[in-house]
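Enquirer: Here it is: the structure, laid out below.
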Amino acid sequence: MPASTRPITPQQRRYDLLLAAVVFVSGVVSAVLSSISEIYGDEQAPLPFAVPYLVVLAAPLAFRRVWPAQVALIVSAAYFVAVTFRIPELYAGNIAMFIALYTVGAWMTNRRAATIVRSAIIAGMFLWLIITMYRDAIDTADEADVIAGAMSPYIAFMLLQLLVNVLYFGGAYYFGERAWKAATQRAALEQRTADLEREREVTAAQAVALDRVRIARELHDVVAHHVSVMGVQAGAARVVIDADPGEAKRLLSGIEASARDAIGELRNLLETLRSSNEESADTASTLDMDDIAELVAAAKEAGIPTTYDIIGEPRPVPPMIAVNLYRIAQESLTNARRHAGAGVTADVRLRYTDTAVELEVVNTGRHVLITRAGLGQLGMRERAAASGGTIESGPRERGGWRVRVTVPLVTSLAGAGA
């Protein structure tokens, strides 16, 4: 199983194949030049030995991102053998070692294993270097027939080599860790971006769904009210058209007026939906609290005796709250016409207090045994909540239905003026 589970792109695979080829070719050139220059003197191995060494050194680099730990161990072992047996090539081996150690730090997902592998290789290399330095120092002292001192040229040269190796291995370790952290941060950023994109899509879908619900609610309020009024008036006109043409004419005129009102409200609704949010805020509905009296008049014309009382001193009401209260009164009277049965009556009361405005619509009629929360009931509750108020909607013990909405005005007016 690969030691690295991070995704590897085809471009990265091609890059690693090219890297392995470059290391091999450069190693061959380095081996030829090193053999000619006799870097190991008389102990130097024959040049042909460099070819299999370079194959073992370079070929694993093509898979360094897939098996970083295994590649690092193979490259380190090959380099150790090459130096031990004086194969005339050093520079390609140094580059391959650096790349292998760097890859362990940059690509191994098991960070504990990555640390152990690099630490073991570096510790082994330094142990081998110290033993080699000590052995060469003794041999050099024996050949010169002197005891090597602390400040002898050879010791100074070995200390310089030690410093170079510290920088070499430390750099491979540091840059590998840095690459891993950068990749981790980049992956986290990409994940956050993907999450935000998904959240944006979900939010957009929710916004569309809310718009659909709002459109359905508005259409329900407008159409249900006016169509129910027109239905009642049309039925009454059909009954009296022969006996009282004048009354039938009056009822038909009411149907015509209701149709015009419905078309006008639908046109306003469509214009609001077509406009932006900013424009919608500026072009608020023209409905206000005084228009509730027209709802009462329409209910009377539809054959439902309806009273309308204003209790308390009328106060300014924010436009949004006025529209919501109007729609709640409209829906309540529409439900009374549609569901309360024959002989129904209704009372509409608007109360103003020091801190709130209250709308109450009560109708008589049949007893309701099972309540079903339709779109109209849901719309009333949403409008009450949007206004910052509370609503009570349910059947009465004596029959009929009561809807009571209370909206605080102090907070609402403060918010409207902010």
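The way I read the labels, and the way they are meant: chains A, B, ... in the order of the structure tokens, residue 1 as the first residue of every chain, and ligand 1 as the first ligand shown, with later ones counted on from there.
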Could you give me the residues within segment 11-150 of chain A that DSSP places in alpha helix (DSSP H), as a ChimeraX atom specification?

Expert: /A:11-37,50-58,68-84,91-107,111-144

Enquirer: Show me, as a list in words, the residues that have an atom within 10 Å of Gln70 of chain A when counting only C-alpha atoms, minus same-chain residues fewer than 5 positions from it.

Expert: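 My list of contacting residues is Pro2, Ala3, Pro60, Phe63, Arg64, Val75, Ser76, Ala100, Val104 and Val117 of chain A.
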
Enquirer: Which residues are near Gly341 of chain A? Cut-off 8 Å, only C-alpha atoms, ignore same chain within fewer than 4 positions. Put them as a ChimeraX atom specification.

Expert: /A:336-337,365-366

Enquirer: Write the residues you've just listed into a file as a compact mmCIF listing (two decimals), in the first residue's frame, and include N, CA and C atoms for each of them.

Expert:
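To be explicit, this is the file written out as result_23.txt:
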# COMPACT_ATOMS: atom_id res chain seq x y z
N ALA A 336 -63.79 32.80 7.18
CA ALA A 336 -65.15 32.82 7.73
C ALA A 336 -66.17 32.59 6.62
N ARG A 337 -65.98 33.22 5.45
CA ARG A 337 -66.91 33.03 4.35
C ARG A 337 -66.86 31.60 3.82
N GLY A 365 -70.33 30.49 13.71
CA GLY A 365 -70.41 29.44 12.72
C GLY A 365 -70.31 28.07 13.34
N ARG A 366 -70.09 27.10 12.49
CA ARG A 366 -70.08 25.72 12.93
C ARG A 366 -68.91 25.44 13.88

Enquirer: What does the distance between atom CA of Glu360 of chain A and atom CA of Val403 of chain A come to in Å, to one decimal place?

Expert: 5.6 Å

Enquirer: Measuring between only C-alpha atoms, which one of A:Leu57, A:Gly105, A:Tyr134, A:Arg65 shows the shortest distance to Ala78 of chain A?

Expert: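 Among the listed residues, A:Leu57 lies closest to Ala78 of chain A.
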
Enquirer: Show which residues sit within 12 Å of segment 179-182 of chain A, as a ChimeraX atom specification. Count only C-alpha atoms, and ignore same-chain residues fewer than 2 positions away.

Expert: /A:4,6,102-111,114,171-177,184-189

Enquirer: Using only C-alpha atoms, pick whichever of A:Ile255, A:Leu101, A:Ala62, A:Ala45 has the shortest atom-to-atom distance to Arg14 of chain A.

Expert: A:Ala62

Enquirer: Atom CA of Asp242 of chain A and atom CA of Thr345 of chain A are how many Å apart?

Expert: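 That distance, rounded to one decimal, is 27.3 Å.
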
Enquirer: Hey, what's within 8 Å of segment 346-359 of chain A if we count only C-alpha atoms and toss same-chain stuff fewer than 6 positions away? As a PyMOL selection string, please?

Expert: chain A and resi 296+304-315+325+329+333+336+403-410

Enquirer: Next, dump the selected residues to file, keeping only N, CA, C and O atoms, as a JSON list (two decimals), in the first residue's frame.

Expert:
[["chain", "number", "residue", "atom", "x", "y", "z"],
["A", 296, "VAL", "N", -63.89, 44.97, 5.72],
["A", 296, "VAL", "CA", -65.16, 44.79, 6.43],
["A", 296, "VAL", "C", -66.33, 45.09, 5.49],
["A", 296, "VAL", "O", -67.34, 44.36, 5.46],
["A", 304, "ILE", "N", -71.99, 38.66, 4.77],
["A", 304, "ILE", "CA", -71.64, 38.33, 6.15],
["A", 304, "ILE", "C", -71.77, 39.59, 6.99],
["A", 304, "ILE", "O", -70.99, 40.55, 6.81],
["A", 305, "PRO", "N", -72.74, 39.67, 7.89],
["A", 305, "PRO", "CA", -72.83, 40.83, 8.77],
["A", 305, "PRO", "C", -71.54, 40.97, 9.60],
["A", 305, "PRO", "O", -71.18, 40.07, 10.35],
["A", 306, "THR", "N", -70.86, 42.08, 9.40],
["A", 306, "THR", "CA", -69.55, 42.26, 10.03],
["A", 306, "THR", "C", -69.49, 43.63, 10.68],
["A", 306, "THR", "O", -69.87, 44.65, 10.08],
["A", 307, "THR", "N", -69.02, 43.65, 11.92],
["A", 307, "THR", "CA", -68.83, 44.92, 12.63],
["A", 307, "THR", "C", -67.34, 45.25, 12.69],
["A", 307, "THR", "O", -66.48, 44.35, 12.65],
["A", 308, "TYR", "N", -67.06, 46.53, 12.80],
["A", 308, "TYR", "CA", -65.67, 46.98, 12.85],
["A", 308, "TYR", "C", -65.54, 48.04, 13.93],
["A", 308, "TYR", "O", -66.22, 49.07, 13.88],
["A", 309, "ASP", "N", -64.69, 47.78, 14.92],
["A", 309, "ASP", "CA", -64.51, 48.71, 16.03],
["A", 309, "ASP", "C", -63.02, 49.02, 16.19],
["A", 309, "ASP", "O", -62.17, 48.13, 16.09],
["A", 310, "ILE", "N", -62.74, 50.31, 16.43],
["A", 310, "ILE", "CA", -61.38, 50.76, 16.73],
["A", 310, "ILE", "C", -61.39, 51.23, 18.18],
["A", 310, "ILE", "O", -62.13, 52.15, 18.55],
["A", 311, "ILE", "N", -60.58, 50.57, 18.98],
["A", 311, "ILE", "CA", -60.53, 50.84, 20.42],
["A", 311, "ILE", "C", -59.20, 51.51, 20.73],
["A", 311, "ILE", "O", -58.13, 51.00, 20.36],
["A", 312, "GLY", "N", -59.26, 52.62, 21.46],
["A", 312, "GLY", "CA", -58.04, 53.34, 21.78],
["A", 312, "GLY", "C", -57.72, 54.40, 20.74],
["A", 312, "GLY", "O", -58.39, 54.52, 19.70],
["A", 313, "GLU", "N", -56.69, 55.18, 21.01],
["A", 313, "GLU", "CA", -56.28, 56.25, 20.12],
["A", 313, "GLU", "C", -55.38, 55.68, 19.02],
["A", 313, "GLU", "O", -54.33, 55.10, 19.30],
["A", 314, "PRO", "N", -55.79, 55.80, 17.74],
["A", 314, "PRO", "CA", -54.95, 55.27, 16.66],
["A", 314, "PRO", "C", -53.54, 55.88, 16.68],
["A", 314, "PRO", "O", -53.38, 57.08, 16.95],
["A", 315, "ARG", "N", -52.58, 55.06, 16.39],
["A", 315, "ARG", "CA", -51.18, 55.48, 16.39],
["A", 315, "ARG", "C", -50.53, 55.09, 15.08],
["A", 315, "ARG", "O", -51.01, 54.17, 14.38],
["A", 325, "LEU", "N", -50.92, 42.99, 9.12],
["A", 325, "LEU", "CA", -52.20, 42.97, 9.83],
["A", 325, "LEU", "C", -53.36, 42.98, 8.84],
["A", 325, "LEU", "O", -54.38, 42.30, 9.05],
["A", 329, "ALA", "N", -56.19, 40.03, 8.62],
["A", 329, "ALA", "CA", -57.63, 40.29, 8.66],
["A", 329, "ALA", "C", -58.30, 39.77, 7.40],
["A", 329, "ALA", "O", -59.40, 39.18, 7.45],
["A", 333, "LEU", "N", -61.27, 36.83, 7.44],
["A", 333, "LEU", "CA", -62.61, 37.01, 6.88],
["A", 333, "LEU", "C", -62.88, 36.05, 5.73],
["A", 333, "LEU", "O", -64.00, 35.57, 5.56],
["A", 336, "ALA", "N", -63.79, 32.80, 7.18],
["A", 336, "ALA", "CA", -65.15, 32.82, 7.73],
["A", 336, "ALA", "C", -66.17, 32.59, 6.62],
["A", 336, "ALA", "O", -67.15, 31.86, 6.81],
["A", 403, "VAL", "N", -59.17, 34.83, 15.85],
["A", 403, "VAL", "CA", -57.78, 35.14, 15.52],
["A", 403, "VAL", "C", -57.43, 36.43, 16.25],
["A", 403, "VAL", "O", -58.12, 37.44, 16.10],
["A", 404, "ARG", "N", -56.40, 36.38, 17.07],
["A", 404, "ARG", "CA", -55.95, 37.57, 17.79],
["A", 404, "ARG", "C", -54.44, 37.73, 17.58],
["A", 404, "ARG", "O", -53.67, 36.82, 17.89],
["A", 405, "VAL", "N", -54.04, 38.88, 17.08],
["A", 405, "VAL", "CA", -52.63, 39.18, 16.81],
["A", 405, "VAL", "C", -52.24, 40.40, 17.63],
["A", 405, "VAL", "O", -52.95, 41.42, 17.61],
["A", 406, "THR", "N", -51.14, 40.29, 18.34],
["A", 406, "THR", "CA", -50.62, 41.41, 19.14],
["A", 406, "THR", "C", -49.20, 41.71, 18.67],
["A", 406, "THR", "O", -48.34, 40.83, 18.67],
["A", 407, "VAL", "N", -49.00, 42.97, 18.29],
["A", 407, "VAL", "CA", -47.69, 43.40, 17.79],
["A", 407, "VAL", "C", -47.21, 44.57, 18.63],
["A", 407, "VAL", "O", -47.91, 45.59, 18.73],
["A", 408, "PRO", "N", -46.04, 44.46, 19.27],
["A", 408, "PRO", "CA", -45.51, 45.61, 20.03],
["A", 408, "PRO", "C", -45.15, 46.75, 19.11],
["A", 408, "PRO", "O", -44.54, 46.54, 18.05],
["A", 409, "LEU", "N", -45.51, 47.96, 19.49],
["A", 409, "LEU", "CA", -45.26, 49.12, 18.63],
["A", 409, "LEU", "C", -44.04, 49.91, 19.03],
["A", 409, "LEU", "O", -43.41, 50.55, 18.20],
["A", 410, "VAL", "N", -43.67, 49.89, 20.31],
["A", 410, "VAL", "CA", -42.52, 50.69, 20.73],
["A", 410, "VAL", "C", -41.26, 50.21, 20.03],
["A", 410, "VAL", "O", -40.52, 50.96, 19.41]]

Enquirer: Between A:Pro316, A:Glu301, A:Gly170, A:Ala259, which has the minimum distance to Ala237 of chain A (counting only C-alpha atoms)?

Expert: A:Glu301

Enquirer: What's the separation between atom CA of Leu73 of chain A and atom CA of Leu33 of chain A, in Å to one decimal place?

Expert: 26.9 Å

Enquirer: Point out the residue among A:Glu294, A:Ile87, A:Val362, A:Ser26 with the least atom-to-atom distance to Gly41 of chain A, counting only C-alpha atoms.

Expert: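 The answer is A:Ile87, which sits nearest to Gly41 of chain A.
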